[in-house]
Each structure stands twice: as C-alpha cells, then as structure tokens.
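Just below is one structure, and these are the notes that go with it.
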Amino acid sequence: MSGHADAAPRTAVIGAGIAGVLCALDLSLFSDVVLFERDLHPGGRLAVCRGNGFEFDCGAPHCIVTDPDLHARLRDWTAAGYLARWDGWTVELDHGNFMTRDLGATCHVGTPTMAALAGQLAALLDFRAGIEITKLAREGSHWWLVDTLHQRHGPFARVVCAAPPATTARLLEPHAPELATRAADVAMRPRWTVMLGYDTPLPVPFDQAYLEGQDLIWCGRNSSKPGRSAREAWVLQATPEWSTAHATLPAPDVVTTLRQVFATAAGLVLPPPTVAMAHFWPMAEPINPVGEPFLAAPAAGLFACGDWCLAPRVEGAMLSAVALAAALESGAT
C-alpha cells in the first residue's frame, strides 16, 4: 500500500499468533482492523509440520482453558467446527509406569490441525500475510507501518503489537520506551520438538503423557486427536533445560536422543519410524511474563498483548488478547 490515506482502517495488529488473531477479531466488532503477519500463514506457535504424508501439531499441542469467561468462545468455535474435544487418555509417565493425570479442564484441539484454528479465525479478518513490519512512523495523529520492502501501510489511529517481546520492544522503543523496556525484560526459553510417524500403531495405551525429571516434558499421539489422519503420529517435546543446553545440536541428533528418551520412558523398543523430524522453537514460552494482561501507552495509541504479558500457554495468550480488546472498547485505556 502506498503512502496515501483513503478509507484507511483505524487499528493495525502486528502478529497473527492466537493473541493477535483473537485481539483483532474482538477489535473488529467496533473498529476497522488490519492484521499483519510476516509468515505466510497465521498461527504462530499454533503450528503444523508436514512430512511424507504425515501431519504433526509441532507447536502448542492443545488448548486447556480454565477461565470461565473463555468457555463461551470455546463452545462457539466447537459449534463452528474450528475446535474439538480431545478425550485421549492422559497420564503421568516414568520408565514404563504410568497413572492417569487429571488436567482439571477439558482438553481442546484445533481441527483439522492446531494451526487451522488460527487460520479459520483469521479468515474472518482483513489478514495480510507475508508482510514483516520493521518500523512504526508517526505522522500527525496517525501511524504508518513500514515493511521490509519499505512499503508503507496505513494510516492507523492505534497499533497493537502481538509479536514476541523482542520484536515488540524493537518496534516500540522509538515511540514508547517504557513499554519497550518492559517487553525487552521478558526472557523467552526455547523448545525442541520431535515428530515421529509410523506405518503401524505403537503398543502404547495412552494418548498423551507428562514426564518429570527426564529430558522430555510431554509426548502425545497426534493421530488420536479428532479430525486427524489415522496414521500413527507422535510428537515429543523436550524440557526447556534440555532444549537450552542443546540449542545447536543438529536435528538428526535431537531425533535420535529424544526418541530414545521416549522409548525408555514408555518401556518400549521402538521400531524405525517412517518419518522423523525435529523443529526448534527459539522462543517457545516466557520465563518471566510482565504480570499484567497487556501493555498500553494510550496517549501514543500503542499497545501490546501476548502470553508474555500475562502467562504462558494458549490460555494466557487468549486472556491477554481479550483483556486488551475489552479495554479499548470500553475506553478504559
């Protein structure tokens, strides 16, 4: 979009992870909104990896919501076919021994993938993919967004950064240094994820397991989720500590190591997988969230939301997004 301003929207949201998508969706009820994303698809850490005919939810494995105010949204998304209950058997696992684990809430997954939830919601918006915003420019009372190709997008009355904290800090620093400092103070920790596909089912009775004191923190049978292919697909998530210590380990070595950890924990001798992949998330979850639902510089028209503001995981991102949109609608910020 070039630099003239005809029928420009009022609000720009930068970042189409679940926080950005949900915030934009709520804002669209009372404001014109444009949602920008540097990748070609929305979702962020709600991601899918594919290989040799297999699909794996390689980011957030599910959505567990305990906040009652979010339950109505989950019901609506389930009715629309965006979301489904995952009633797989959940256990705590230790060297072949397992016991049922109570999650304390219903486990939901996007259908047919976790990424599809964000995609279906973003389809309801003015969503512009493949545009990486590198700079905010203030002209009068409006904001212009500048991308990597030096194209300008705008004007906007306000900008919401729903990007990772480091990106948010870089964009906001020239205009809202206090907000930028608070974003920059948030440290993110990494996670290695391994994906294994098999032509025949593994003799594992459970569908997802949480592990303590091992190099894996979680493993799950992706193919047991509703709406998925029946081909046996497993996702293994390493602990933040192991992921940090082995951040530069080649992916094949990560697969070999964590596959053996899984085999030992499950008490199995695993057959060779049909497909084996690893994905490294350098910013998987916040270590020290800001501790507030969102950040705001109302006089400047600059705001930020995300799991790094409030709490890790999908629910934290959703609560942050909803809180910011509600505050903007009510004029409380």
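Ligands are numbered from 1 in the order shown, chains are lettered A, B, ... in the order of the structure tokens, and residues start at 1 in each chain.
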For Pro42 (chain A), work out the shell of residues within 8 Å, counting only C-alpha atoms and skipping chain neighbours fewer than 4 positions away, then give it as a PyMOL selection string. chain A and resi 16-17+21+37+115+118-119+122+129
Residues flagged strand (DSSP E) by DSSP in region 188-327 of chain A, as a ChimeraX atom specification: /A:188-198,208-211,216-221,232-238,275-286,295-297,302-304
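Our summary of the geometry notes that CA of Lys135 (chain A) is positioned 10.5 Å from CA of Thr168 (chain A).
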Can you list, as an mmCIF file with C-alpha atoms, in the first residue's frame, every protein, DNA or RNA residue that comes within 10 Å of Ala265 (chain A) when you count only C-alpha atoms, leaving out same-chain residues fewer than 2 positions away?
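Result file result_9.cif:
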data_model
loop_
_atom_site.group_PDB
_atom_site.id
_atom_site.type_symbol
_atom_site.label_atom_id
_atom_site.label_comp_id
_atom_site.auth_asym_id
_atom_site.auth_seq_id
_atom_site.Cartn_x
_atom_site.Cartn_y
_atom_site.Cartn_z
ATOM 1 C CA LEU A 93 4.811 -41.367 32.697
ATOM 2 C CA ASP A 94 8.002 -42.686 34.277
ATOM 3 C CA HIS A 95 10.063 -45.570 32.860
ATOM 4 C CA GLY A 96 7.157 -47.694 31.701
ATOM 5 C CA ASN A 97 4.940 -46.850 34.664
ATOM 6 C CA PHE A 98 2.015 -44.518 34.203
ATOM 7 C CA ALA A 209 1.810 -38.133 28.788
ATOM 8 C CA LEU A 211 7.015 -36.534 32.312
ATOM 9 C CA GLN A 214 13.514 -36.507 32.260
ATOM 10 C CA LEU A 216 11.123 -34.880 27.719
ATOM 11 C CA ARG A 259 13.360 -40.857 20.534
ATOM 12 C CA GLN A 260 15.388 -42.997 22.925
ATOM 13 C CA VAL A 261 14.182 -40.972 25.913
ATOM 14 C CA PHE A 262 10.615 -41.630 24.759
ATOM 15 C CA ALA A 263 11.286 -45.352 24.313
ATOM 16 C CA GLY A 267 9.121 -49.005 28.346
ATOM 17 C CA LEU A 268 9.308 -49.809 24.637
#
Tell me which protein, DNA and RNA residues are within 8 Å of region 60-74 of chain A, counting only C-alpha atoms, leaving out same-chain ones fewer than 4 positions away, and put them as a PDB file with C-alpha atoms, in the first residue's frame.
ATOM      1  CA  ARG A  45       3.119 -21.339  17.853  1.00  0.00           C
ATOM      2  CA  LEU A  46      -0.165 -22.934  16.830  1.00  0.00           C
ATOM      3  CA  ALA A  47       1.713 -24.674  14.057  1.00  0.00           C
ATOM      4  CA  THR A  78     -16.570 -26.022  18.628  1.00  0.00           C
ATOM      5  CA  LEU A  83     -12.263 -26.766  17.667  1.00  0.00           C
ATOM      6  CA  GLY A 104      -8.522 -30.095  35.655  1.00  0.00           C
ATOM      7  CA  ALA A 105     -10.270 -28.919  32.487  1.00  0.00           C
ATOM      8  CA  THR A 106     -11.350 -30.152  29.078  1.00  0.00           C
ATOM      9  CA  CYS A 107      -8.603 -30.512  26.513  1.00  0.00           C
ATOM     10  CA  HIS A 108      -9.424 -28.927  23.133  1.00  0.00           C
ATOM     11  CA  VAL A 109      -7.586 -29.025  19.816  1.00  0.00           C
ATOM     12  CA  GLY A 110      -7.975 -27.111  16.582  1.00  0.00           C
ATOM     13  CA  MET A 114      -3.930 -26.615  15.736  1.00  0.00           C
ATOM     14  CA  ARG A 313       0.412 -21.243  27.015  1.00  0.00           C
ATOM     15  CA  VAL A 314      -2.609 -20.693  24.806  1.00  0.00           C
ATOM     16  CA  GLU A 315      -4.931 -19.589  27.592  1.00  0.00           C
ATOM     17  CA  LEU A 319      -6.726 -13.803  28.127  1.00  0.00           C
TER      18      LEU A 319
END
Check the DSSP output for the backbone and give back, as a CSV table (one decimal) with C-alpha atoms, in the first residue's frame, the residues of region 9-169 of chain A in alpha helix (DSSP H).
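Ended up saving to selection.csv:
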chain,number,residue,atom,x,y,z
A,18,ILE,CA,-3.5,-16.7,18.6
A,19,ALA,CA,-3.2,-13.5,20.7
A,20,GLY,CA,-3.1,-11.3,17.6
A,21,VAL,CA,-5.9,-13.1,15.8
A,22,LEU,CA,-8.2,-13.1,18.8
A,23,CYS,CA,-7.4,-9.4,19.7
A,24,ALA,CA,-8.1,-8.4,16.1
A,25,LEU,CA,-11.3,-10.4,16.0
A,26,ASP,CA,-12.6,-8.7,19.1
A,27,LEU,CA,-11.5,-5.3,17.9
A,68,PRO,CA,-14.9,-19.3,32.7
A,69,ASP,CA,-15.1,-16.2,30.6
A,70,LEU,CA,-13.4,-18.0,27.7
A,71,HIS,CA,-15.7,-21.1,27.8
A,72,ALA,CA,-18.3,-19.4,25.7
A,73,ARG,CA,-15.8,-18.8,22.9
A,74,LEU,CA,-14.7,-22.4,23.0
A,75,ARG,CA,-18.3,-23.5,22.7
A,76,ASP,CA,-18.8,-21.2,19.7
A,77,TRP,CA,-15.6,-22.4,18.0
A,78,THR,CA,-16.6,-26.0,18.6
A,79,ALA,CA,-20.0,-25.4,17.1
A,80,ALA,CA,-18.4,-23.8,14.1
A,114,MET,CA,-3.9,-26.6,15.7
A,115,ALA,CA,-2.8,-24.1,13.1
A,116,ALA,CA,-6.3,-24.4,11.4
A,117,LEU,CA,-7.9,-22.7,14.4
A,118,ALA,CA,-5.9,-19.5,13.8
A,119,GLY,CA,-6.4,-19.9,10.1
A,120,GLN,CA,-10.2,-20.1,10.3
A,121,LEU,CA,-10.4,-17.2,12.6
A,122,ALA,CA,-8.0,-15.1,10.5
A,165,PRO,CA,8.6,-9.5,23.2
A,166,ALA,CA,11.9,-8.7,21.4
A,167,THR,CA,10.1,-7.7,18.3
A,168,THR,CA,7.7,-5.6,20.2
A,169,ALA,CA,10.5,-3.9,22.1
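Distances to Gly43 (chain A) were evaluated for A:Ala183, A:Met99, A:Leu295, A:Ala317 using only C-alpha atoms, and the minimum falls at A:Ala317.
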When you draw a straight line from CA of Ala176 (chain A) to CA of Gly316 (chain A), how long is it in Å? 23.7 Å
Need to verify the contact set: Thr11 (chain A), 7 Å, only C-alpha atoms, exclusion of same-chain residues closer than 5 positions in sequence. Can you return it as a PyMOL selection string? chain A and resi 31-34+156-159
Excluding Val290 (chain A) and any residue of its chain fewer than 3 positions from it, enumerate the residues within 10 Å of it, using only C-alpha atoms, and give them as a short mmCIF file (atom, residue, chain, number, x, y, z; two decimals) with N, CA and C atoms, in the first residue's frame.
data_model
loop_
_atom_site.label_atom_id
_atom_site.label_comp_id
_atom_site.auth_asym_id
_atom_site.auth_seq_id
_atom_site.Cartn_x
_atom_site.Cartn_y
_atom_site.Cartn_z
N ARG A 182 9.87 -2.78 29.20
CA ARG A 182 9.16 -3.87 29.88
C ARG A 182 9.07 -5.10 28.99
N ALA A 183 8.88 -4.89 27.70
CA ALA A 183 8.86 -6.03 26.77
C ALA A 183 10.24 -6.66 26.68
N ASP A 185 12.50 -6.83 28.82
CA ASP A 185 12.89 -7.51 30.05
C ASP A 185 12.36 -8.95 30.12
N VAL A 186 11.43 -9.29 29.25
CA VAL A 186 10.87 -10.65 29.26
C VAL A 186 11.81 -11.59 28.51
N PRO A 286 7.47 -17.76 27.71
CA PRO A 286 8.13 -16.75 28.55
C PRO A 286 8.55 -17.32 29.89
N ILE A 287 9.72 -16.91 30.34
CA ILE A 287 10.20 -17.30 31.67
C ILE A 287 9.62 -16.37 32.73
N PRO A 293 -2.16 -8.01 32.07
CA PRO A 293 -2.83 -8.54 30.88
C PRO A 293 -2.29 -7.98 29.57
N PHE A 294 -1.87 -6.72 29.58
CA PHE A 294 -1.37 -6.10 28.35
C PHE A 294 -0.55 -4.88 28.73
N LEU A 295 0.14 -4.32 27.75
CA LEU A 295 0.88 -3.07 27.93
C LEU A 295 0.20 -1.99 27.11
N ASP A 307 1.10 -13.96 25.33
CA ASP A 307 1.31 -14.78 26.51
C ASP A 307 2.43 -14.24 27.38
N TRP A 308 3.37 -13.53 26.76
CA TRP A 308 4.50 -12.98 27.52
C TRP A 308 4.08 -11.82 28.42
N CYS A 309 2.90 -11.30 28.22
CA CYS A 309 2.38 -10.26 29.12
C CYS A 309 1.81 -10.87 30.40
N LEU A 310 1.06 -11.95 30.24
CA LEU A 310 0.25 -12.44 31.36
C LEU A 310 0.69 -13.80 31.89
N ALA A 311 0.71 -14.81 31.01
CA ALA A 311 1.03 -16.17 31.45
C ALA A 311 1.29 -17.03 30.23
#
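Using only C-alpha atoms, the contacts of Leu302 (chain A) at a cut-off of 9 Å, with sequence neighbours closer than 2 positions omitted, comprise Arg158, Val159, Val160, Cys161, Leu172, His175, Ala176, Leu179, Leu295, Ala296, Ala297, Pro298, Ala299, Ala300 and Ala304 of chain A.
For the pair CA of Trp86 (chain A) and CA of Gly213 (chain A), the interatomic distance is 26.0 Å.
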